[in-house]
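Structure data (mmCIF, C-alpha atoms) from run_26.cif:
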```
data_input
loop_
_atom_site.label_atom_id
_atom_site.label_comp_id
_atom_site.auth_asym_id
_atom_site.auth_seq_id
_atom_site.Cartn_x
_atom_site.Cartn_y
_atom_site.Cartn_z
CA MET K 35 60.97 -35.57 -31.34
CA GLU K 36 61.87 -34.18 -34.76
CA SER K 37 59.98 -30.91 -33.96
CA ASN K 38 61.86 -30.40 -30.68
CA LYS K 39 65.19 -31.01 -32.43
CA LYS K 40 64.43 -28.29 -35.01
CA LYS K 41 63.42 -25.87 -32.27
CA ILE K 42 66.67 -26.46 -30.36
CA ILE K 43 68.77 -25.98 -33.54
CA PHE K 44 66.88 -22.77 -34.34
CA LEU K 45 67.41 -21.49 -30.77
CA VAL K 46 71.16 -22.26 -30.87
CA LEU K 47 71.55 -20.55 -34.27
CA THR K 48 69.67 -17.48 -32.99
CA ILE K 49 71.93 -17.24 -29.94
CA VAL K 50 75.07 -17.63 -32.09
CA MET K 51 73.84 -14.95 -34.50
CA CYS K 52 73.09 -12.50 -31.63
CA LEU K 53 76.51 -13.13 -30.11
CA GLY K 54 78.17 -12.60 -33.50
CA VAL K 55 76.41 -9.29 -34.05
CA SER K 56 77.20 -8.13 -30.50
CA LEU K 57 80.87 -9.08 -30.71
CA GLY K 58 81.18 -7.44 -34.13
CA ALA K 59 79.68 -4.23 -32.79
CA ILE K 60 82.02 -4.27 -29.80
CA TYR K 61 85.01 -4.75 -32.11
CA PHE K 62 84.08 -1.77 -34.30
CA ILE K 63 83.28 0.46 -31.31
CA TYR K 64 86.61 -0.17 -29.57
CA HIS K 65 89.01 -0.69 -32.48
CA LYS K 66 87.68 1.47 -35.33
CA LYS K 67 87.73 4.94 -33.83
CA ASP K 68 87.17 8.25 -35.61
CA THR K 69 90.51 9.58 -36.85
CA ARG K 70 89.39 13.09 -37.79
CA ASP K 71 90.92 16.02 -35.92
CA ASN K 72 88.47 18.16 -33.97
CA GLU K 73 89.19 21.86 -33.56
CA ILE K 74 87.52 24.22 -31.13
CA THR K 75 87.90 27.96 -31.52
CA SER K 76 86.87 30.28 -28.76
CA GLY K 77 86.97 34.00 -28.33
CA LEU K 78 85.29 36.93 -26.71
CA ILE K 79 82.19 38.26 -28.42
CA SER K 80 82.37 41.89 -29.41
CA ILE K 81 80.31 43.94 -31.83
CA ASP K 82 80.47 47.49 -33.11
CA PHE K 83 77.10 49.29 -33.24
CA LYS K 84 76.92 52.59 -35.17
CA GLU K 85 73.71 54.60 -35.15
CA GLY K 86 72.41 57.03 -37.72
CA SER K 87 71.05 60.45 -36.93
CA ASN K 88 67.31 59.74 -36.88
CA ASN K 89 65.55 58.93 -33.60
CA ILE K 90 62.77 56.40 -33.11
CA ASN K 91 59.97 58.73 -32.24
CA LEU K 92 56.34 58.66 -33.39
CA VAL K 93 54.39 61.67 -32.12
CA ASN K 94 50.91 62.37 -33.49
CA ALA K 95 51.62 60.08 -36.44
CA VAL K 96 48.83 59.54 -38.93
CA PRO K 97 47.71 55.91 -39.29
CA VAL K 98 48.69 54.51 -42.71
CA ILE K 99 48.68 51.22 -44.60
CA ASP K 100 51.85 49.13 -44.65
CA ASP K 101 52.96 50.15 -48.15
CA VAL K 102 52.88 53.84 -47.17
CA GLY K 103 54.39 53.20 -43.72
CA LEU K 104 57.40 51.45 -45.25
CA THR K 105 58.25 54.71 -47.04
CA ASN K 106 58.69 56.64 -43.75
CA SER K 107 62.19 57.89 -43.00
CA PRO K 108 64.15 55.00 -41.49
CA TYR K 109 66.28 54.74 -38.40
CA GLU K 110 69.63 53.59 -39.82
CA PHE K 111 72.40 51.70 -38.05
CA SER K 112 75.11 49.17 -38.75
CA ILE K 113 76.43 46.18 -36.83
CA THR K 114 79.97 44.81 -37.27
CA ASN K 115 81.24 41.58 -35.72
CA THR K 116 84.63 42.60 -34.31
CA SER K 117 85.24 39.29 -32.54
CA SER K 118 87.33 36.44 -33.91
CA VAL K 119 84.45 33.93 -33.89
CA PRO K 120 81.11 33.85 -35.73
CA ILE K 121 78.08 35.14 -33.81
CA ASN K 122 74.34 35.59 -34.03
CA ALA K 123 73.58 39.32 -33.98
CA LYS K 124 70.29 40.10 -32.22
CA ILE K 125 68.57 43.38 -32.99
CA GLY K 126 66.34 44.33 -30.10
CA LEU K 127 64.03 47.13 -29.11
CA VAL K 128 63.87 48.86 -25.73
CA ILE K 129 60.57 50.71 -25.42
CA ASP K 130 60.71 53.95 -23.45
CA SER K 131 58.35 54.49 -20.51
CA THR K 132 56.98 57.67 -22.17
CA THR K 133 55.24 55.54 -24.81
CA THR K 134 51.46 56.02 -24.61
CA ILE K 135 50.25 54.23 -27.76
CA PRO K 136 49.28 50.55 -27.51
CA LEU K 137 52.09 48.43 -28.97
CA GLY K 138 49.62 46.55 -31.16
CA ALA K 139 49.03 49.79 -33.08
CA VAL K 140 52.70 50.30 -33.94
CA ARG K 141 54.05 48.46 -36.99
CA TYR K 142 57.66 48.07 -38.06
CA GLY K 143 59.69 46.95 -41.04
CA ILE K 144 63.35 45.98 -40.83
CA TYR K 145 65.71 46.05 -43.78
CA ILE K 146 69.04 44.20 -43.75
CA ASN K 147 71.39 45.36 -46.51
CA ASP K 148 68.44 47.08 -48.27
CA GLU K 149 66.27 43.93 -48.26
CA LEU K 150 63.02 43.84 -46.27
CA VAL K 151 63.39 40.84 -43.96
CA GLU K 152 60.49 41.33 -41.57
CA LYS K 153 57.31 43.37 -41.19
CA ASN K 154 55.15 42.99 -38.08
CA ASN K 155 53.50 44.64 -35.06
CA VAL K 156 55.69 45.71 -32.16
CA SER K 157 53.41 43.77 -29.81
CA ASN K 158 54.40 40.51 -31.55
CA ILE K 159 58.11 40.71 -30.78
CA ILE K 160 59.42 38.03 -28.41
CA ASP K 161 62.02 38.87 -25.73
CA ASN K 162 62.32 42.38 -27.21
CA THR K 163 64.11 40.90 -30.25
CA LEU K 164 63.07 42.31 -33.62
CA TYR K 165 65.37 40.17 -35.75
CA THR K 166 68.32 37.77 -35.37
CA TYR K 167 71.00 37.80 -38.05
CA LEU K 168 72.37 34.23 -37.99
CA ASN K 169 76.00 33.13 -38.41
CA MET K 170 77.60 36.53 -38.81
CA SER K 171 81.22 35.74 -39.63
CA SER K 172 84.20 37.50 -38.10
CA ASN K 173 84.70 41.10 -39.31
CA ALA K 174 81.40 40.98 -41.23
CA SER K 175 79.14 44.01 -41.24
CA VAL K 176 75.42 44.54 -41.96
CA ASN K 177 73.61 47.78 -42.67
CA CYS K 178 70.14 47.98 -41.17
CA LYS K 179 67.15 50.26 -41.56
CA LEU K 180 64.21 50.24 -39.19
CA VAL K 181 60.93 51.93 -40.12
CA PHE K 182 57.99 52.52 -37.77
CA TRP K 183 54.43 53.64 -38.46
CA VAL K 184 50.98 53.61 -36.87
CA ASP K 185 48.66 50.90 -38.16
CA TYR K 186 45.85 51.98 -40.48
CA TYR K 187 43.18 50.54 -38.17
CA TYR K 188 44.19 52.61 -35.13
CA THR K 189 41.76 55.51 -34.56
CA LYS K 190 43.05 57.51 -31.57
CA SER K 191 45.27 60.58 -31.89
CA GLY K 192 47.84 62.36 -29.75
CA GLU K 193 49.73 59.17 -28.83
CA VAL K 194 53.52 58.85 -28.50
CA PHE K 195 55.95 55.98 -29.27
CA ASN K 196 59.61 56.25 -28.16
CA ALA K 197 62.17 53.43 -28.29
CA LYS K 198 65.85 52.62 -28.58
CA VAL K 199 67.56 49.93 -30.62
CA LYS K 200 69.80 47.46 -28.83
CA ALA K 201 72.25 45.13 -30.58
CA THR K 202 73.71 42.09 -28.84
CA GLY K 203 75.88 39.21 -29.96
CA GLU K 204 75.49 35.60 -28.94
CA SER K 205 77.92 32.75 -29.48
CA VAL K 206 77.37 30.21 -32.19
CA ASP K 207 78.35 26.55 -32.26
CA TYR K 208 80.18 26.36 -35.56
CA ILE K 209 81.02 22.88 -36.91
CA GLU K 210 83.03 22.44 -40.09
#
```
Written as C-alpha cells, that's how I'd like the structure from this file.
Amino acid sequence: MESNKKKIIFLVLTIVMCLGVSLGAIYFIYHKKDTRDNEITSGLISIDFKEGSNNINLVNAVPVIDDVGLTNSPYEFSITNTSSVPINAKIGLVIDSTTTIPLGAVRYGIYINDELVEKNNVSNIIDNTLYTYLNMSSNASVNCKLVFWVDYYYTKSGEVFNAKVKATGESVDYIE
C-alpha cells in the first residue's frame, strides 16, 4: 500500500512539473516577444568590369613549373560594386571553342589586390568560376590579375588556349 501511494505521488508531481514547464514556455513565447527592429535593404545588383590590354591567349607556350608560370604577363582587370547592396563577385572563365590543349594541362593563378589567392588547373574549376570574392560592399573595388601557363608535365606542342573572363554579381544575405 505504501509503495503504491509513493508511486501515485511521484506521478502527480511529474505531471504538475510538466504542466508548469509547458505553461511557462507558452507564457514566454506569447508575451515576451523580440523587440529589436529588423531592416531589409534591397537593390539591383550592378558591377563595373574594366579589362586591361592583355588577352588570354596561350599559343605554343613552353611548359614551365608553377613558380616560373606565375611570372608570366598577367591579364589585368578590375571589378567595382556599383550597386547599393553588398554582393559576392564571381570571377568566371569562358573557354573559347578554338582551344585545342587539354584543360588539365593549363594552370592559372589569380591575384586579388596583388595577393595570390588561388593557384590551380583550369580543369578543376566548378561552374566556370575561378574565384568568388565574398561580401563586396557597396562602391568597393578590387584589382585582379590572372596568369596562365602550361603545366610542366605536359609534353605536346602546337596547342592553343583561348578564353575570356566573365564577372558576375550575386546577392548576399547581410544580417547586422
Requested in this report: For the file shown, report as number ranges by chain the outcome of the PyMOL selection byres ((chain K and resi 134) around 12) at residue level.
Outcome: K: 91-94, 129-133, 135-140, 190-197
Report task. For region 171-177 of chain K, list every protein, DNA or RNA residue within 6 Å, evaluated using all atoms listed in the file, and leave out those in the same chain fewer than 2 positions away; present the list as a PyMOL selection string. Result -> chain K and resi 112-120+146-147+169
Query raised in the report: Taking only C-alpha atoms into account, which of K:Leu57, K:Cys178, K:Leu45, K:Met170 comes nearest Val151 (chain K)?
Result: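 For Val151 (chain K), the nearest of the candidates is K:Cys178.
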Requested in this report: Go ahead and find all residues with at least one atom no further than 10 Å from (43.5, 47.9, -36.5) in the file's coordinates, using all atoms listed in the file; report them as a ChimeraX atom specification.
Outcome: /K:97,138-140,184-189
Report task. Tell me which residues the PyMOL selection byres ((chain K and resi 100) around 10) grabs here, as a VMD selection string. Result -> chain K and resid 97 to 99 101 to 105 141 to 143 153 to 154 182 to 186
Final all heavy atoms of region 79-90 of chain K as an mmCIF file, in the frame of the given file:
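Result saved to out_12.cif:
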```cif
data_model
loop_
_atom_site.group_PDB
_atom_site.id
_atom_site.type_symbol
_atom_site.label_atom_id
_atom_site.label_comp_id
_atom_site.auth_asym_id
_atom_site.auth_seq_id
_atom_site.Cartn_x
_atom_site.Cartn_y
_atom_site.Cartn_z
ATOM 1 N N ILE K 79 83.142 37.689 -27.460
ATOM 2 C CA ILE K 79 82.190 38.260 -28.420
ATOM 3 C C ILE K 79 82.231 39.772 -28.285
ATOM 4 O O ILE K 79 82.108 40.317 -27.198
ATOM 5 C CB ILE K 79 80.774 37.735 -28.152
ATOM 6 C CG1 ILE K 79 80.730 36.238 -28.402
ATOM 7 C CG2 ILE K 79 79.762 38.460 -29.006
ATOM 8 C CD1 ILE K 79 79.415 35.606 -28.054
ATOM 9 N N SER K 80 82.423 40.425 -29.413
ATOM 10 C CA SER K 80 82.370 41.890 -29.410
ATOM 11 C C SER K 80 81.761 42.349 -30.735
ATOM 12 O O SER K 80 82.017 41.758 -31.780
ATOM 13 C CB SER K 80 83.753 42.494 -29.206
ATOM 14 O OG SER K 80 84.599 42.137 -30.267
ATOM 15 N N ILE K 81 80.932 43.370 -30.642
ATOM 16 C CA ILE K 81 80.310 43.940 -31.830
ATOM 17 C C ILE K 81 80.468 45.445 -31.793
ATOM 18 O O ILE K 81 80.641 46.047 -30.740
ATOM 19 C CB ILE K 81 78.817 43.556 -31.963
ATOM 20 C CG1 ILE K 81 78.012 44.045 -30.766
ATOM 21 C CG2 ILE K 81 78.643 42.076 -32.161
ATOM 22 C CD1 ILE K 81 76.519 43.829 -30.905
ATOM 23 N N ASP K 82 80.412 46.039 -32.982
ATOM 24 C CA ASP K 82 80.470 47.490 -33.110
ATOM 25 C C ASP K 82 79.104 47.938 -33.636
ATOM 26 O O ASP K 82 78.660 47.467 -34.681
ATOM 27 C CB ASP K 82 81.588 47.882 -34.077
ATOM 28 C CG ASP K 82 81.775 49.376 -34.174
ATOM 29 O OD1 ASP K 82 81.408 50.084 -33.219
ATOM 30 O OD2 ASP K 82 82.290 49.835 -35.216
ATOM 31 N N PHE K 83 78.446 48.819 -32.900
ATOM 32 C CA PHE K 83 77.100 49.290 -33.240
ATOM 33 C C PHE K 83 77.192 50.788 -33.541
ATOM 34 O O PHE K 83 77.577 51.569 -32.674
ATOM 35 C CB PHE K 83 76.148 49.030 -32.067
ATOM 36 C CG PHE K 83 74.742 49.486 -32.287
ATOM 37 C CD1 PHE K 83 73.908 48.806 -33.142
ATOM 38 C CD2 PHE K 83 74.247 50.605 -31.629
ATOM 39 C CE1 PHE K 83 72.599 49.220 -33.334
ATOM 40 C CE2 PHE K 83 72.951 51.024 -31.808
ATOM 41 C CZ PHE K 83 72.125 50.327 -32.666
ATOM 42 N N LYS K 84 76.876 51.177 -34.771
ATOM 43 C CA LYS K 84 76.920 52.590 -35.170
ATOM 44 C C LYS K 84 75.516 53.023 -35.556
ATOM 45 O O LYS K 84 74.882 52.411 -36.418
ATOM 46 C CB LYS K 84 77.867 52.789 -36.342
ATOM 47 C CG LYS K 84 79.303 52.542 -35.980
ATOM 48 C CD LYS K 84 80.220 52.831 -37.131
ATOM 49 C CE LYS K 84 81.648 52.527 -36.712
ATOM 50 N NZ LYS K 84 82.573 52.634 -37.811
ATOM 51 N N GLU K 85 75.051 54.095 -34.909
ATOM 52 C CA GLU K 85 73.710 54.600 -35.150
ATOM 53 C C GLU K 85 73.724 55.745 -36.150
ATOM 54 O O GLU K 85 74.701 56.478 -36.252
ATOM 55 C CB GLU K 85 73.090 55.115 -33.843
ATOM 56 C CG GLU K 85 72.884 54.041 -32.815
ATOM 57 C CD GLU K 85 72.271 54.589 -31.557
ATOM 58 O OE1 GLU K 85 73.034 55.066 -30.706
ATOM 59 O OE2 GLU K 85 71.040 54.541 -31.454
ATOM 60 N N GLY K 86 72.603 55.878 -36.857
ATOM 61 C CA GLY K 86 72.410 57.030 -37.720
ATOM 62 C C GLY K 86 71.891 58.207 -36.932
ATOM 63 O O GLY K 86 71.875 58.210 -35.705
ATOM 64 N N SER K 87 71.448 59.229 -37.617
ATOM 65 C CA SER K 87 71.050 60.450 -36.930
ATOM 66 C C SER K 87 69.574 60.495 -36.538
ATOM 67 O O SER K 87 69.192 61.259 -35.674
ATOM 68 C CB SER K 87 71.358 61.659 -37.832
ATOM 69 O OG SER K 87 70.646 61.526 -39.050
ATOM 70 N N ASN K 88 68.741 59.697 -37.179
ATOM 71 C CA ASN K 88 67.310 59.740 -36.880
ATOM 72 C C ASN K 88 66.985 59.035 -35.572
ATOM 73 O O ASN K 88 67.608 58.036 -35.231
ATOM 74 C CB ASN K 88 66.501 59.094 -38.006
ATOM 75 C CG ASN K 88 66.586 59.885 -39.284
ATOM 76 O OD1 ASN K 88 66.792 61.094 -39.260
ATOM 77 N ND2 ASN K 88 66.446 59.221 -40.409
ATOM 78 N N ASN K 89 66.003 59.550 -34.844
ATOM 79 C CA ASN K 89 65.550 58.930 -33.600
ATOM 80 C C ASN K 89 64.278 58.127 -33.874
ATOM 81 O O ASN K 89 63.543 58.405 -34.808
ATOM 82 C CB ASN K 89 65.240 59.995 -32.548
ATOM 83 C CG ASN K 89 66.483 60.718 -32.105
ATOM 84 O OD1 ASN K 89 67.557 60.140 -32.076
ATOM 85 N ND2 ASN K 89 66.339 61.978 -31.769
ATOM 86 N N ILE K 90 64.028 57.145 -33.024
ATOM 87 C CA ILE K 90 62.770 56.400 -33.110
ATOM 88 C C ILE K 90 61.767 57.155 -32.276
ATOM 89 O O ILE K 90 61.802 57.110 -31.054
ATOM 90 C CB ILE K 90 62.936 54.958 -32.614
ATOM 91 C CG1 ILE K 90 63.989 54.229 -33.422
ATOM 92 C CG2 ILE K 90 61.617 54.218 -32.667
ATOM 93 C CD1 ILE K 90 64.324 52.856 -32.885
#
```
